[in-house]
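Participant: Sharing a structure below in structure tokens format, with a few things to ask.
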Amino acid sequence: MQRQKIAAVLKNSAVGSELDVRGWVRTKRESKQGFAFVELNDGSCFASLQVVIDQSVPNYAELMQQLTTGASLRAIGELKASPAKGQTVELHAKSVQVYGTADAEKYPLQKKQHSFEFLREIAHLRSRTNTFGAIARVRNAVSSSIHNFFQSRGFLYLHAPIITTSDCEGAGQMFQVTTLDLAKLAHSKTDVDFTQDFFGKRASLTVSGQLEAETVACSVGDCYTFGPTFRAENSNTARHLAEFWMVEPEMPFYELTDNMQLAESFIRTTIREVLEHCPEDMAFFNQRIDTTILETLRNIVEHDFIRLPYTEAVDILQKCGQKFDYPVSWGIDLQSEHERYLTEQHFKQPVILFDYPRTLKPFYMRCNDDGKTVRAMDVLVPRVGEIIGGSQREERLDVLLSRMAECHLNPEEYWWYVDLRRYGTVPHAGFGLGLERLLLLLTGMANIRDVIPFPRTPKHAEF
RNA sequence: UCCCCGAUAGCUCAAUGGUAGAGCGAGCGGCUGUUAACCGCUAGGUUCUAGGUUCGAAUCCUAGUCGGGGAGCCA
């Protein structure tokens, strides 16, 4: 008999049909009268299927011993309308086969709520819980929606390299990649000779695919990367990971306003699609994780983002009368408290800040005519903060070279990047979106370590 | 990396210098078309680790490890 996923059973199967379902026991409610209710979950959807087992099922007594929380089974039976509240249909088992038991004395997941901190220690089992199953499905749905968004607009999916020898891509500390014998080198008195290393020079894990994406955008056109990204920063916060997933579109002939339009449309579209595709999971988040999440997301989907030049943001913050730990003045990098004030109190919706002071931003961002600012943009959202960072890129060769000099970068190291400005340069723009931060926004979860299956953070690479 | 807080039963927590407890979970029994089931009984502890103070330390001190909140770096 063909196995059916519970999602399909609950959606399509008619009462009276004969079914084969398989999954894991969430709970069992047993009556000594000779029947039991088993909640069976296979992860295909939020809901479990109630399986009714009575004494007509072979090996009933043995099954009652074996079917504890966490056990896996196959049940064959008839789908019937349920006479009780809580579910419309239920499976009346004719036979039950146990695949594997789960010792109730030792199985860590109990029939009760657990703290996220505890579940993080058993990340290999936590996706069997309501919350982490829902996160896995929403993460999948938003990933799918991201591809749909770009594919439907004719963007090319670009596989940017994971390993890079660009010494400094403008962001953060990098993880070094080497095949040199570090234990041996530790005893050596001489300097490391990287010509002996695998790539013949110092190599690292990528912190961004942007520079490569620019070259592809300036040839085959609109493109996007979507892959893992690595930062060796010693960041210990609920918003940072050492390994995270980033989406980086890059578009030729886009100026900053086009870039902002795309970023806004991107966020609103993916949120709308997740709300459409995962209604049960989202209802769960709204009920148990953050009771304002659906309202917040609908508000984002239905309203235009605020667009605010940095200079005006500084003005608002200085005049708002709010006391900040860090005083605001033109030229400072805005602190978390400032960003939160803008998105959570002043505007109460996402804000795109743009035209930042040149001194705060990397060399590749396009200089404005005022000589003070660059065409940078950050998309800030309530609760999560910065979710997108992007810019129009500097396409003028002379300006780019002088900016590199200003940032103490050697143009020879970036010869291929500079070449783009030498041969058929065009205005272009792009941005980077942190997938896990989008998931924080979507789910209402508070810690970024809980929206990626196996988080990597300083001192943590278990599983 | 910096500041603050914490670590006690499988989980969530109480006990503030004098015999280590509760709820949930688990086991057993009862009850019930149950569904965060319900009722009763039972078992379960090197109080994070290493030192120190004290007649006596879960409790006070020092160091470390890990966790949480905030900050920085940023996606």
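Chain labels run A, B, ... following the order of the structure tokens; each chain numbers its residues from 1, and ligands are numbered from 1 in the order shown.
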Taking only C-alpha atoms (C1' of nucleotides) into account and nothing else, which residues of chain B lie no more than 12 Å away from chain A? Please answer as a VMD selection string.
Facilitator: chain B and resid 1 to 2 10 to 12 23 to 27 29 to 38 43 to 44 65 to 75
Participant: Give me the residues within 10 Å of segment 16-18 of chain A as a PyMOL selection string, counting only C-alpha atoms (C1' of nucleotides) and dropping any in the same chain fewer than 5 places off.
Facilitator: chain A and resi 1+9+76-81+91-94
Participant: Which of segment 316-348 of chain A counts as helix (DSSP H, G or I) under DSSP, as number ranges by chain please?
Facilitator: A: 316-319, 336-346
Participant: I need the residues in segment 119-322 of chain A that are strand (DSSP E) according to DSSP; give them as a PyMOL selection string.
Facilitator: chain A and resi 156-158+163-164+176-177+203-205+223-230+243-252+306-309
Participant: For the residues in that selection, give me C-alpha atoms as a PDB file, in the first residue's frame.
Facilitator:
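Once written, selection.pdb looks like this:
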```pdb
ATOM      1  CA  LEU A 156      19.613  34.668 -13.320  1.00  0.00           C
ATOM      2  CA  TYR A 157      20.483  32.488 -10.339  1.00  0.00           C
ATOM      3  CA  LEU A 158      24.228  32.837  -9.867  1.00  0.00           C
ATOM      4  CA  ILE A 163      36.119  30.221  -1.331  1.00  0.00           C
ATOM      5  CA  THR A 164      37.687  33.555  -2.154  1.00  0.00           C
ATOM      6  CA  GLN A 176      40.821  31.249   6.622  1.00  0.00           C
ATOM      7  CA  VAL A 177      40.837  28.187   4.365  1.00  0.00           C
ATOM      8  CA  ALA A 203      42.231  32.029   0.927  1.00  0.00           C
ATOM      9  CA  SER A 204      39.059  32.483   2.949  1.00  0.00           C
ATOM     10  CA  LEU A 205      35.379  31.661   3.084  1.00  0.00           C
ATOM     11  CA  CYS A 223      21.154  38.124 -11.295  1.00  0.00           C
ATOM     12  CA  TYR A 224      21.039  36.996  -7.684  1.00  0.00           C
ATOM     13  CA  THR A 225      23.055  34.785  -5.409  1.00  0.00           C
ATOM     14  CA  PHE A 226      21.489  32.750  -2.632  1.00  0.00           C
ATOM     15  CA  GLY A 227      23.882  30.788  -0.509  1.00  0.00           C
ATOM     16  CA  PRO A 228      25.865  30.455   2.696  1.00  0.00           C
ATOM     17  CA  THR A 229      28.002  33.336   3.886  1.00  0.00           C
ATOM     18  CA  PHE A 230      30.612  33.370   6.630  1.00  0.00           C
ATOM     19  CA  GLU A 243      27.394  31.006   9.017  1.00  0.00           C
ATOM     20  CA  PHE A 244      24.210  32.394   7.553  1.00  0.00           C
ATOM     21  CA  TRP A 245      22.348  32.492   4.261  1.00  0.00           C
ATOM     22  CA  MET A 246      22.291  35.613   2.175  1.00  0.00           C
ATOM     23  CA  VAL A 247      20.387  36.679  -0.927  1.00  0.00           C
ATOM     24  CA  GLU A 248      22.255  39.189  -3.081  1.00  0.00           C
ATOM     25  CA  PRO A 249      20.640  40.537  -6.240  1.00  0.00           C
ATOM     26  CA  GLU A 250      22.692  42.747  -8.562  1.00  0.00           C
ATOM     27  CA  MET A 251      21.179  44.713 -11.422  1.00  0.00           C
ATOM     28  CA  PRO A 252      22.745  46.680 -14.301  1.00  0.00           C
ATOM     29  CA  ILE A 306       9.098  54.920   4.473  1.00  0.00           C
ATOM     30  CA  ARG A 307      12.063  56.323   2.526  1.00  0.00           C
ATOM     31  CA  LEU A 308      14.213  58.638   4.511  1.00  0.00           C
ATOM     32  CA  PRO A 309      17.586  60.230   3.776  1.00  0.00           C
TER      33      PRO A 309
END
```
Participant: Rounded to one decimal place, report the atom CA of Leu440 of chain A-atom CA of Thr131 of chain A distance in Å.
Facilitator: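 Atom CA of Thr131 of chain A lies 13.0 Å from atom CA of Leu440 of chain A.
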Participant: Skipping near chain neighbours, those fewer than 4 positions away, what residues fall within 10 Å of Leu180 of chain A using only C-alpha atoms (C1' of nucleotides), listed as a PDB file with C-alpha atoms, in the first residue's frame?
Facilitator:
```
ATOM      1  CA  LYS A 184      53.643  21.875  12.261  1.00  0.00           C
ATOM      2  CA  LEU A 185      53.599  25.611  11.528  1.00  0.00           C
ATOM      3  CA  VAL A 192      54.056  31.282   6.685  1.00  0.00           C
ATOM      4  CA  ASP A 193      54.690  30.796   2.975  1.00  0.00           C
ATOM      5  CA  PHE A 194      51.255  30.929   1.406  1.00  0.00           C
ATOM      6  CA  GLN A 196      52.844  26.519  -0.538  1.00  0.00           C
ATOM      7  CA  ASP A 197      49.158  26.569   0.408  1.00  0.00           C
ATOM      8  CA  PHE A 198      46.461  24.881  -1.691  1.00  0.00           C
TER       9      PHE A 198
END
```
Participant: List the neighbours of G17 of chain B out to 9 Å using only C-alpha atoms (C1' of nucleotides); skip same-chain residues closer than 5 positions along the sequence, and give me the result as an mmCIF file with all heavy atoms, in the first residue's frame.
Facilitator:
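Okay, out_6.cif is ready:
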```cif
data_model
loop_
_atom_site.group_PDB
_atom_site.id
_atom_site.type_symbol
_atom_site.label_atom_id
_atom_site.label_comp_id
_atom_site.auth_asym_id
_atom_site.auth_seq_id
_atom_site.Cartn_x
_atom_site.Cartn_y
_atom_site.Cartn_z
ATOM 1 P P U B 54 38.482 29.631 58.297
ATOM 2 O OP1 U B 54 39.096 30.350 59.431
ATOM 3 O OP2 U B 54 39.144 28.422 57.733
ATOM 4 O "O5'" U B 54 36.999 29.235 58.684
ATOM 5 C "C5'" U B 54 36.114 30.216 59.210
ATOM 6 C "C4'" U B 54 34.725 29.647 59.325
ATOM 7 O "O4'" U B 54 34.209 29.345 57.999
ATOM 8 C "C3'" U B 54 34.633 28.312 60.064
ATOM 9 O "O3'" U B 54 34.639 28.472 61.465
ATOM 10 C "C2'" U B 54 33.300 27.763 59.534
ATOM 11 O "O2'" U B 54 32.202 28.364 60.191
ATOM 12 C "C1'" U B 54 33.334 28.236 58.072
ATOM 13 N N1 U B 54 33.822 27.169 57.163
ATOM 14 C C2 U B 54 32.867 26.327 56.613
ATOM 15 O O2 U B 54 31.680 26.445 56.846
ATOM 16 N N3 U B 54 33.361 25.343 55.793
ATOM 17 C C4 U B 54 34.687 25.122 55.473
ATOM 18 O O4 U B 54 34.976 24.196 54.736
ATOM 19 C C5 U B 54 35.608 26.030 56.097
ATOM 20 C C6 U B 54 35.156 27.001 56.891
ATOM 21 P P G B 56 33.988 23.299 59.166
ATOM 22 O OP1 G B 56 34.729 22.290 58.382
ATOM 23 O OP2 G B 56 34.400 24.727 59.103
ATOM 24 O "O5'" G B 56 32.451 23.189 58.771
ATOM 25 C "C5'" G B 56 31.831 21.892 58.717
ATOM 26 C "C4'" G B 56 30.350 22.028 58.528
ATOM 27 O "O4'" G B 56 29.793 22.798 59.618
ATOM 28 C "C3'" G B 56 29.912 22.802 57.293
ATOM 29 O "O3'" G B 56 29.929 21.980 56.145
ATOM 30 C "C2'" G B 56 28.504 23.241 57.662
ATOM 31 O "O2'" G B 56 27.578 22.174 57.523
ATOM 32 C "C1'" G B 56 28.678 23.543 59.156
ATOM 33 N N9 G B 56 28.926 24.964 59.401
ATOM 34 C C8 G B 56 30.118 25.555 59.726
ATOM 35 N N7 G B 56 30.007 26.854 59.899
ATOM 36 C C5 G B 56 28.667 27.117 59.660
ATOM 37 C C6 G B 56 27.965 28.349 59.699
ATOM 38 O O6 G B 56 28.383 29.485 59.960
ATOM 39 N N1 G B 56 26.618 28.163 59.382
ATOM 40 C C2 G B 56 26.029 26.965 59.086
ATOM 41 N N2 G B 56 24.729 26.994 58.818
ATOM 42 N N3 G B 56 26.678 25.814 59.064
ATOM 43 C C4 G B 56 27.986 25.970 59.350
ATOM 44 P P A B 57 30.299 22.650 54.723
ATOM 45 O OP1 A B 57 30.221 21.575 53.712
ATOM 46 O OP2 A B 57 31.547 23.404 54.909
ATOM 47 O "O5'" A B 57 29.133 23.712 54.465
ATOM 48 C "C5'" A B 57 27.772 23.293 54.331
ATOM 49 C "C4'" A B 57 27.152 23.975 53.125
ATOM 50 O "O4'" A B 57 27.343 25.394 53.262
ATOM 51 C "C3'" A B 57 27.790 23.593 51.788
ATOM 52 O "O3'" A B 57 26.797 23.671 50.776
ATOM 53 C "C2'" A B 57 28.822 24.666 51.571
ATOM 54 O "O2'" A B 57 29.149 24.871 50.249
ATOM 55 C "C1'" A B 57 28.074 25.874 52.135
ATOM 56 N N9 A B 57 28.931 26.964 52.580
ATOM 57 C C8 A B 57 30.285 26.950 52.809
ATOM 58 N N7 A B 57 30.778 28.099 53.195
ATOM 59 C C5 A B 57 29.669 28.938 53.217
ATOM 60 C C6 A B 57 29.508 30.293 53.552
ATOM 61 N N6 A B 57 30.510 31.081 53.937
ATOM 62 N N1 A B 57 28.277 30.812 53.468
ATOM 63 C C2 A B 57 27.265 30.026 53.090
ATOM 64 N N3 A B 57 27.288 28.727 52.764
ATOM 65 C C4 A B 57 28.528 28.247 52.847
ATOM 66 P P U B 59 27.296 27.093 47.798
ATOM 67 O OP1 U B 59 28.320 27.622 46.887
ATOM 68 O OP2 U B 59 27.679 26.424 49.066
ATOM 69 O "O5'" U B 59 26.286 28.264 48.160
ATOM 70 C "C5'" U B 59 25.684 29.072 47.152
ATOM 71 C "C4'" U B 59 24.666 29.991 47.782
ATOM 72 O "O4'" U B 59 23.723 29.180 48.541
ATOM 73 C "C3'" U B 59 25.256 31.004 48.761
ATOM 74 O "O3'" U B 59 24.627 32.255 48.616
ATOM 75 C "C2'" U B 59 24.954 30.398 50.128
ATOM 76 O "O2'" U B 59 24.786 31.351 51.150
ATOM 77 C "C1'" U B 59 23.639 29.663 49.859
ATOM 78 N N1 U B 59 23.439 28.521 50.767
ATOM 79 C C2 U B 59 22.385 28.560 51.657
ATOM 80 O O2 U B 59 21.608 29.491 51.726
ATOM 81 N N3 U B 59 22.275 27.463 52.484
ATOM 82 C C4 U B 59 23.089 26.365 52.492
ATOM 83 O O4 U B 59 22.868 25.461 53.295
ATOM 84 C C5 U B 59 24.168 26.397 51.546
ATOM 85 C C6 U B 59 24.302 27.452 50.732
ATOM 86 P P C B 60 25.395 33.403 47.792
ATOM 87 O OP1 C B 60 24.509 34.590 47.785
ATOM 88 O OP2 C B 60 25.882 32.831 46.524
ATOM 89 O "O5'" C B 60 26.661 33.708 48.706
ATOM 90 C "C5'" C B 60 26.597 34.661 49.758
ATOM 91 C "C4'" C B 60 27.965 34.892 50.336
ATOM 92 O "O4'" C B 60 28.306 33.802 51.234
ATOM 93 C "C3'" C B 60 29.101 34.891 49.317
ATOM 94 O "O3'" C B 60 29.236 36.147 48.675
ATOM 95 C "C2'" C B 60 30.308 34.553 50.185
ATOM 96 O "O2'" C B 60 30.746 35.667 50.915
ATOM 97 C "C1'" C B 60 29.691 33.530 51.153
ATOM 98 N N1 C B 60 29.878 32.134 50.711
ATOM 99 C C2 C B 60 31.165 31.572 50.751
ATOM 100 O O2 C B 60 32.111 32.267 51.132
ATOM 101 N N3 C B 60 31.341 30.298 50.359
ATOM 102 C C4 C B 60 30.290 29.574 49.949
ATOM 103 N N4 C B 60 30.522 28.307 49.579
ATOM 104 C C5 C B 60 28.976 30.117 49.899
ATOM 105 C C6 C B 60 28.810 31.385 50.284
#
```
Participant: With distances taken over only C-alpha atoms, which residue among A:Ala134, A:Val381, A:Ala14, A:Ala183 lies nearest Gln349 of chain A?
Facilitator: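 Looking only at the distances to Gln349 of chain A, the closest residue turns out to be A:Val381.
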Participant: Grab the atom CA of Leu294 of chain A to atom CA of Met282 of chain A distance for me, in Å with one decimal place.
Facilitator: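 If I compute the distance from atom CA of Leu294 of chain A to atom CA of Met282 of chain A, I get 7.4 Å.
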Participant: In Å, rounded to a single decimal, give me how far atom CA of Phe150 of chain A is from atom CA of Asp281 of chain A.
Facilitator: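 Straight-line distance from atom CA of Asp281 of chain A to atom CA of Phe150 of chain A works out to 24.6 Å.
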